[in-house]
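Enquirer: Encoded as structure tokens, here's the structure I'll be asking about.
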Amino acid sequence: DIQMTQSPFLLSASVGDRVTITCRASQSISSRLNWYQQKPGRAPKLLIYAASSLQSGVPSRFSGSESGTDFTLTISSLQPEDFASYYCQQSYSAPWTFGQGTKVEI
Amino acid sequence: EVQLVESGGGLVQPGGSLRLSCAASGFSFSDYWMTWVRQAPGEGLEWVANIKQDGSEKYFLGSVKGRFTISRDNAKNSLYLEMNSLRVEDTALYYCARVGYRNGWFVDPWGQGTLVTVSS
């Protein structure tokens with residue numbers, strides 16, 4: 001199984017900060033990497049697919065990038081509604097696997 | 001508007017069975033792969049199973065293989081997860097979701113989930 005190592009587990013930030021979350025795959029996954037946002041009590045929401053493509057309706061302050069097996073989610077200027085948990089997920093091969101999650105808090 | 005509504009969750013004893021359902025609307029259900037993803041209380045997300053449009057291909061998480069079955073009824077726009085020999089560690093909120101493809105597979109959108117509690 002492909003392991004997804006996400007960091008940090010907890011990130012404390014302020015409104016307006018630039019925030020970066022990283023995810024490392026245990027093997028090559030050919031850009032098959034997605035990012036999801038989950039707010040408390042809510043279902044996850046797709047933000048980024050195929051490593052760097054912004055899902056329709058998602059604000060442009062969210063972006064994704066990759067370098068080999070390392071993937072990054074960046075929020076350019078943190079907004080109050082962005083305080084949530086974020087998960088990476090590989091869809092290169094079954095079983096699909098998620099990172100452990102990053103909670104972004106004030 | 002795409003809607004996915006799960007049902008069938010509840011409290012079950014270890015070793016018991018449960019059948020989850022997911023009613024889909026707002027899109028052409030028979031055109032999409034579908035998936036189940038679960039989340040244990042206070043924990044992260046864990047993929048459970050996928051099923052192809054016509055049900056001819058199915059994939060499962062290793063720990064549920066042989067115990068869980070995924071199926072669909074395209075005439076009823078419905079997805080199912082039959083869970084047998086349930087274990088305490090299967091306790092989770094189970095999400096039904098649609099699988100999309102654009103340069104890779106992704107999960108979008110998700111239902112609100114149905115809670116399964118396995119406890120004696």
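Identifiers in the structure tokens: chain A, B, ... in order shown; residue index from 1 per chain; ligand index from 1 in order shown.
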Set the cut-off to 6 Å and count only C-alpha atoms: what are the residues of chain B that reach chain A? Output as a ChimeraX atom specification.
Expert: /B:44,61,104-105,112
Enquirer: Extract, using only C-alpha atoms, all DNA, RNA and protein residues at most 7 Å from range 21-38 of chain B, discarding same-chain residues fewer than 3 positions from it, and format them as a tab-separated table (two decimals) with C-alpha atoms, in the first residue's frame.
Expert:
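Final output, result-v4.tsv:
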```
chain	number	residue	atom	x	y	z
B	1	GLU	CA	-27.78	19.94	-7.53
B	2	VAL	CA	-25.91	16.73	-6.79
B	3	GLN	CA	-27.15	15.05	-3.62
B	4	LEU	CA	-25.99	11.93	-1.84
B	5	VAL	CA	-27.99	10.80	1.17
B	6	GLU	CA	-26.80	7.89	3.28
B	7	SER	CA	-28.96	5.79	5.59
B	8	GLY	CA	-28.87	2.50	7.45
B	45	LEU	CA	-10.36	9.57	6.56
B	46	GLU	CA	-10.10	5.96	5.39
B	47	TRP	CA	-11.13	4.72	1.95
B	48	VAL	CA	-13.30	1.58	2.12
B	49	ALA	CA	-14.44	0.49	-1.36
B	50	ASN	CA	-15.06	1.52	-4.99
B	51	ILE	CA	-17.48	0.19	-7.58
B	52	LYS	CA	-17.49	0.71	-11.34
B	53	GLN	CA	-20.45	2.11	-13.24
B	74	ASN	CA	-28.57	1.99	-11.32
B	77	ASN	CA	-29.87	5.49	-8.35
B	78	SER	CA	-28.66	3.77	-5.22
B	79	LEU	CA	-25.37	2.57	-3.77
B	80	TYR	CA	-25.05	-0.01	-1.00
B	81	LEU	CA	-22.51	-1.32	1.48
B	92	ALA	CA	-17.12	5.18	12.03
B	93	LEU	CA	-19.10	7.71	10.06
B	94	TYR	CA	-19.52	6.19	6.61
B	95	TYR	CA	-19.59	8.57	3.66
B	96	CYS	CA	-20.98	7.77	0.24
B	97	ALA	CA	-19.34	9.78	-2.54
B	98	ARG	CA	-19.06	10.11	-6.29
B	99	VAL	CA	-15.78	9.42	-8.05
```
Enquirer: Excluding same-chain residues fewer than 3 positions from Ile75 in chain A, what lies within 10 Å of it counting only C-alpha atoms, as a PyMOL selection string?
Expert: chain A and resi 16-21+59-64+72+78-79+82
Enquirer: Could those residues be written to a file, using N, CA, C and O atoms, as a PDB file, in the first residue's frame?
Expert:
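Output file selection_11.pdb is given in full below:
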```
ATOM      1  N   GLY A  16      -4.605  36.103   7.265  1.00  0.00           N
ATOM      2  CA  GLY A  16      -3.650  36.786   6.404  1.00  0.00           C
ATOM      3  C   GLY A  16      -2.338  36.049   6.221  1.00  0.00           C
ATOM      4  O   GLY A  16      -1.555  36.389   5.319  1.00  0.00           O
ATOM      5  N   ASP A  17      -2.076  35.039   7.043  1.00  0.00           N
ATOM      6  CA  ASP A  17      -0.835  34.278   6.929  1.00  0.00           C
ATOM      7  C   ASP A  17      -0.816  33.444   5.652  1.00  0.00           C
ATOM      8  O   ASP A  17      -1.849  33.025   5.141  1.00  0.00           O
ATOM      9  N   ARG A  18       0.402  33.186   5.184  1.00  0.00           N
ATOM     10  CA  ARG A  18       0.606  32.211   4.107  1.00  0.00           C
ATOM     11  C   ARG A  18       0.874  30.872   4.785  1.00  0.00           C
ATOM     12  O   ARG A  18       1.743  30.777   5.650  1.00  0.00           O
ATOM     13  N   VAL A  19       0.103  29.861   4.405  1.00  0.00           N
ATOM     14  CA  VAL A  19       0.156  28.569   5.073  1.00  0.00           C
ATOM     15  C   VAL A  19       0.541  27.486   4.075  1.00  0.00           C
ATOM     16  O   VAL A  19       0.041  27.472   2.941  1.00  0.00           O
ATOM     17  N   THR A  20       1.411  26.579   4.523  1.00  0.00           N
ATOM     18  CA  THR A  20       1.843  25.483   3.663  1.00  0.00           C
ATOM     19  C   THR A  20       1.697  24.160   4.399  1.00  0.00           C
ATOM     20  O   THR A  20       2.152  24.024   5.542  1.00  0.00           O
ATOM     21  N   ILE A  21       1.075  23.200   3.740  1.00  0.00           N
ATOM     22  CA  ILE A  21       0.909  21.843   4.263  1.00  0.00           C
ATOM     23  C   ILE A  21       1.562  20.891   3.264  1.00  0.00           C
ATOM     24  O   ILE A  21       1.393  21.051   2.051  1.00  0.00           O
ATOM     25  N   PRO A  59     -11.730  29.043  -3.946  1.00  0.00           N
ATOM     26  CA  PRO A  59     -11.017  30.330  -4.085  1.00  0.00           C
ATOM     27  C   PRO A  59      -9.583  30.154  -4.570  1.00  0.00           C
ATOM     28  O   PRO A  59      -8.908  29.173  -4.226  1.00  0.00           O
ATOM     29  N   SER A  60      -9.115  31.125  -5.315  1.00  0.00           N
ATOM     30  CA  SER A  60      -7.785  31.036  -5.925  1.00  0.00           C
ATOM     31  C   SER A  60      -6.645  31.182  -4.925  1.00  0.00           C
ATOM     32  O   SER A  60      -5.482  30.999  -5.284  1.00  0.00           O
ATOM     33  N   ARG A  61      -6.951  31.495  -3.673  1.00  0.00           N
ATOM     34  CA  ARG A  61      -5.886  31.539  -2.665  1.00  0.00           C
ATOM     35  C   ARG A  61      -5.365  30.129  -2.340  1.00  0.00           C
ATOM     36  O   ARG A  61      -4.308  29.989  -1.722  1.00  0.00           O
ATOM     37  N   PHE A  62      -6.113  29.106  -2.750  1.00  0.00           N
ATOM     38  CA  PHE A  62      -5.661  27.724  -2.591  1.00  0.00           C
ATOM     39  C   PHE A  62      -4.887  27.300  -3.841  1.00  0.00           C
ATOM     40  O   PHE A  62      -5.327  27.547  -4.968  1.00  0.00           O
ATOM     41  N   SER A  63      -3.742  26.664  -3.624  1.00  0.00           N
ATOM     42  CA  SER A  63      -2.982  26.141  -4.750  1.00  0.00           C
ATOM     43  C   SER A  63      -2.244  24.883  -4.328  1.00  0.00           C
ATOM     44  O   SER A  63      -1.980  24.661  -3.139  1.00  0.00           O
ATOM     45  N   GLY A  64      -1.920  24.058  -5.321  1.00  0.00           N
ATOM     46  CA  GLY A  64      -1.198  22.828  -5.063  1.00  0.00           C
ATOM     47  C   GLY A  64       0.002  22.717  -5.973  1.00  0.00           C
ATOM     48  O   GLY A  64      -0.007  23.221  -7.097  1.00  0.00           O
ATOM     49  N   THR A  72       2.472  19.795  -2.012  1.00  0.00           N
ATOM     50  CA  THR A  72       2.242  20.927  -1.130  1.00  0.00           C
ATOM     51  C   THR A  72       0.899  21.582  -1.418  1.00  0.00           C
ATOM     52  O   THR A  72       0.544  21.791  -2.588  1.00  0.00           O
ATOM     53  N   LEU A  78      -4.575  33.353   4.562  1.00  0.00           N
ATOM     54  CA  LEU A  78      -5.561  32.600   5.334  1.00  0.00           C
ATOM     55  C   LEU A  78      -6.766  33.473   5.699  1.00  0.00           C
ATOM     56  O   LEU A  78      -6.599  34.602   6.206  1.00  0.00           O
ATOM     57  N   GLN A  79      -7.939  32.948   5.432  1.00  0.00           N
ATOM     58  CA  GLN A  79      -9.187  33.637   5.763  1.00  0.00           C
ATOM     59  C   GLN A  79      -9.882  32.936   6.928  1.00  0.00           C
ATOM     60  O   GLN A  79      -9.628  31.755   7.187  1.00  0.00           O
ATOM     61  N   ASP A  82     -11.148  29.457   6.510  1.00  0.00           N
ATOM     62  CA  ASP A  82     -10.187  28.412   6.151  1.00  0.00           C
ATOM     63  C   ASP A  82      -9.728  27.594   7.354  1.00  0.00           C
ATOM     64  O   ASP A  82      -8.982  26.623   7.186  1.00  0.00           O
TER      65      ASP A  82
END
```
Enquirer: Quick one: distance from CA of Arg67 in chain B to CA of Gly100 in chain B in Å, one decimal?
Expert: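 Distance reported for this atom pair: 26.2 Å.
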Enquirer: Using only C-alpha atoms, which of the listed residues (A:Gln38, A:Ser76, A:Gln27, A:Ser67) sits closest to Ile2 in chain A?
Expert: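 Closest to Ile2 in chain A of all the choices is A:Gln27.
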Enquirer: Using Å and a single decimal, report how far CA of Asp73 in chain B sits from CA of Leu86 in chain B.
Expert: 23.7 Å
Enquirer: Among range 2-117 of chain B, which ones does DSSP assign to strand (DSSP E or B) (computed from the backbone)? Answer as a VMD selection string.
Expert: chain B and resid 3 to 7 10 to 12 18 to 25 34 to 39 45 to 51 58 to 60 68 to 73 78 to 83 92 to 101 105 to 110 114 to 117
Enquirer: I need the residues from that last selection saved to file as a PDB file, in the first residue's frame (with C-alpha atoms), if you can.
Expert:
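So the final result, stored in out.pdb, reads:
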```pdb
ATOM      1  CA  GLN B   3     -27.155  15.055  -3.622  1.00  0.00           C
ATOM      2  CA  LEU B   4     -25.993  11.934  -1.839  1.00  0.00           C
ATOM      3  CA  VAL B   5     -27.991  10.803   1.168  1.00  0.00           C
ATOM      4  CA  GLU B   6     -26.800   7.893   3.280  1.00  0.00           C
ATOM      5  CA  SER B   7     -28.961   5.786   5.586  1.00  0.00           C
ATOM      6  CA  GLY B  10     -26.902   2.337  13.792  1.00  0.00           C
ATOM      7  CA  LEU B  11     -25.701   0.376  16.788  1.00  0.00           C
ATOM      8  CA  VAL B  12     -24.739  -3.247  16.190  1.00  0.00           C
ATOM      9  CA  LEU B  18     -25.587  -3.882   8.699  1.00  0.00           C
ATOM     10  CA  ARG B  19     -26.540  -2.623   5.247  1.00  0.00           C
ATOM     11  CA  LEU B  20     -25.883   0.987   4.333  1.00  0.00           C
ATOM     12  CA  SER B  21     -27.693   2.712   1.495  1.00  0.00           C
ATOM     13  CA  CYS B  22     -26.954   5.867  -0.447  1.00  0.00           C
ATOM     14  CA  ALA B  23     -29.571   7.606  -2.544  1.00  0.00           C
ATOM     15  CA  ALA B  24     -28.123   9.677  -5.371  1.00  0.00           C
ATOM     16  CA  SER B  25     -29.788  12.496  -7.268  1.00  0.00           C
ATOM     17  CA  MET B  34     -18.905   5.408  -6.645  1.00  0.00           C
ATOM     18  CA  THR B  35     -17.075   5.001  -3.372  1.00  0.00           C
ATOM     19  CA  TRP B  36     -17.451   4.582   0.402  1.00  0.00           C
ATOM     20  CA  VAL B  37     -15.058   6.381   2.758  1.00  0.00           C
ATOM     21  CA  ARG B  38     -15.200   6.178   6.553  1.00  0.00           C
ATOM     22  CA  GLN B  39     -14.011   8.268   9.469  1.00  0.00           C
ATOM     23  CA  LEU B  45     -10.363   9.570   6.565  1.00  0.00           C
ATOM     24  CA  GLU B  46     -10.099   5.957   5.390  1.00  0.00           C
ATOM     25  CA  TRP B  47     -11.134   4.721   1.946  1.00  0.00           C
ATOM     26  CA  VAL B  48     -13.296   1.578   2.118  1.00  0.00           C
ATOM     27  CA  ALA B  49     -14.436   0.494  -1.361  1.00  0.00           C
ATOM     28  CA  ASN B  50     -15.061   1.515  -4.990  1.00  0.00           C
ATOM     29  CA  ILE B  51     -17.483   0.187  -7.584  1.00  0.00           C
ATOM     30  CA  LYS B  58     -14.950  -3.572  -7.201  1.00  0.00           C
ATOM     31  CA  TYR B  59     -12.040  -2.716  -4.941  1.00  0.00           C
ATOM     32  CA  PHE B  60     -11.828  -3.002  -1.169  1.00  0.00           C
ATOM     33  CA  PHE B  68     -17.933  -5.992   3.229  1.00  0.00           C
ATOM     34  CA  THR B  69     -19.668  -6.000  -0.151  1.00  0.00           C
ATOM     35  CA  ILE B  70     -20.311  -2.962  -2.321  1.00  0.00           C
ATOM     36  CA  SER B  71     -23.140  -2.965  -4.831  1.00  0.00           C
ATOM     37  CA  ARG B  72     -25.365  -0.597  -6.777  1.00  0.00           C
ATOM     38  CA  ASP B  73     -28.763  -0.439  -8.427  1.00  0.00           C
ATOM     39  CA  SER B  78     -28.660   3.765  -5.219  1.00  0.00           C
ATOM     40  CA  LEU B  79     -25.368   2.570  -3.768  1.00  0.00           C
ATOM     41  CA  TYR B  80     -25.051  -0.013  -1.002  1.00  0.00           C
ATOM     42  CA  LEU B  81     -22.507  -1.316   1.479  1.00  0.00           C
ATOM     43  CA  GLU B  82     -23.259  -4.680   3.044  1.00  0.00           C
ATOM     44  CA  MET B  83     -21.187  -5.100   6.188  1.00  0.00           C
ATOM     45  CA  ALA B  92     -17.120   5.184  12.028  1.00  0.00           C
ATOM     46  CA  LEU B  93     -19.096   7.713  10.064  1.00  0.00           C
ATOM     47  CA  TYR B  94     -19.518   6.186   6.606  1.00  0.00           C
ATOM     48  CA  TYR B  95     -19.593   8.573   3.660  1.00  0.00           C
ATOM     49  CA  CYS B  96     -20.982   7.774   0.236  1.00  0.00           C
ATOM     50  CA  ALA B  97     -19.336   9.775  -2.539  1.00  0.00           C
ATOM     51  CA  ARG B  98     -19.062  10.109  -6.291  1.00  0.00           C
ATOM     52  CA  VAL B  99     -15.776   9.418  -8.047  1.00  0.00           C
ATOM     53  CA  GLY B 100     -14.657  11.813 -10.746  1.00  0.00           C
ATOM     54  CA  TYR B 101     -11.821  11.706 -13.251  1.00  0.00           C
ATOM     55  CA  TRP B 105      -9.387  10.020  -9.866  1.00  0.00           C
ATOM     56  CA  PHE B 106     -10.865  12.163  -7.120  1.00  0.00           C
ATOM     57  CA  VAL B 107     -13.796  12.032  -4.707  1.00  0.00           C
ATOM     58  CA  ASP B 108     -16.455  14.701  -5.132  1.00  0.00           C
ATOM     59  CA  PRO B 109     -19.015  15.371  -3.828  1.00  0.00           C
ATOM     60  CA  TRP B 110     -19.584  13.585  -0.530  1.00  0.00           C
ATOM     61  CA  THR B 114     -24.258   7.671   8.368  1.00  0.00           C
ATOM     62  CA  LEU B 115     -22.860   6.577  11.726  1.00  0.00           C
ATOM     63  CA  VAL B 116     -22.086   2.942  12.422  1.00  0.00           C
ATOM     64  CA  THR B 117     -21.328   1.989  16.013  1.00  0.00           C
TER      65      THR B 117
END
```
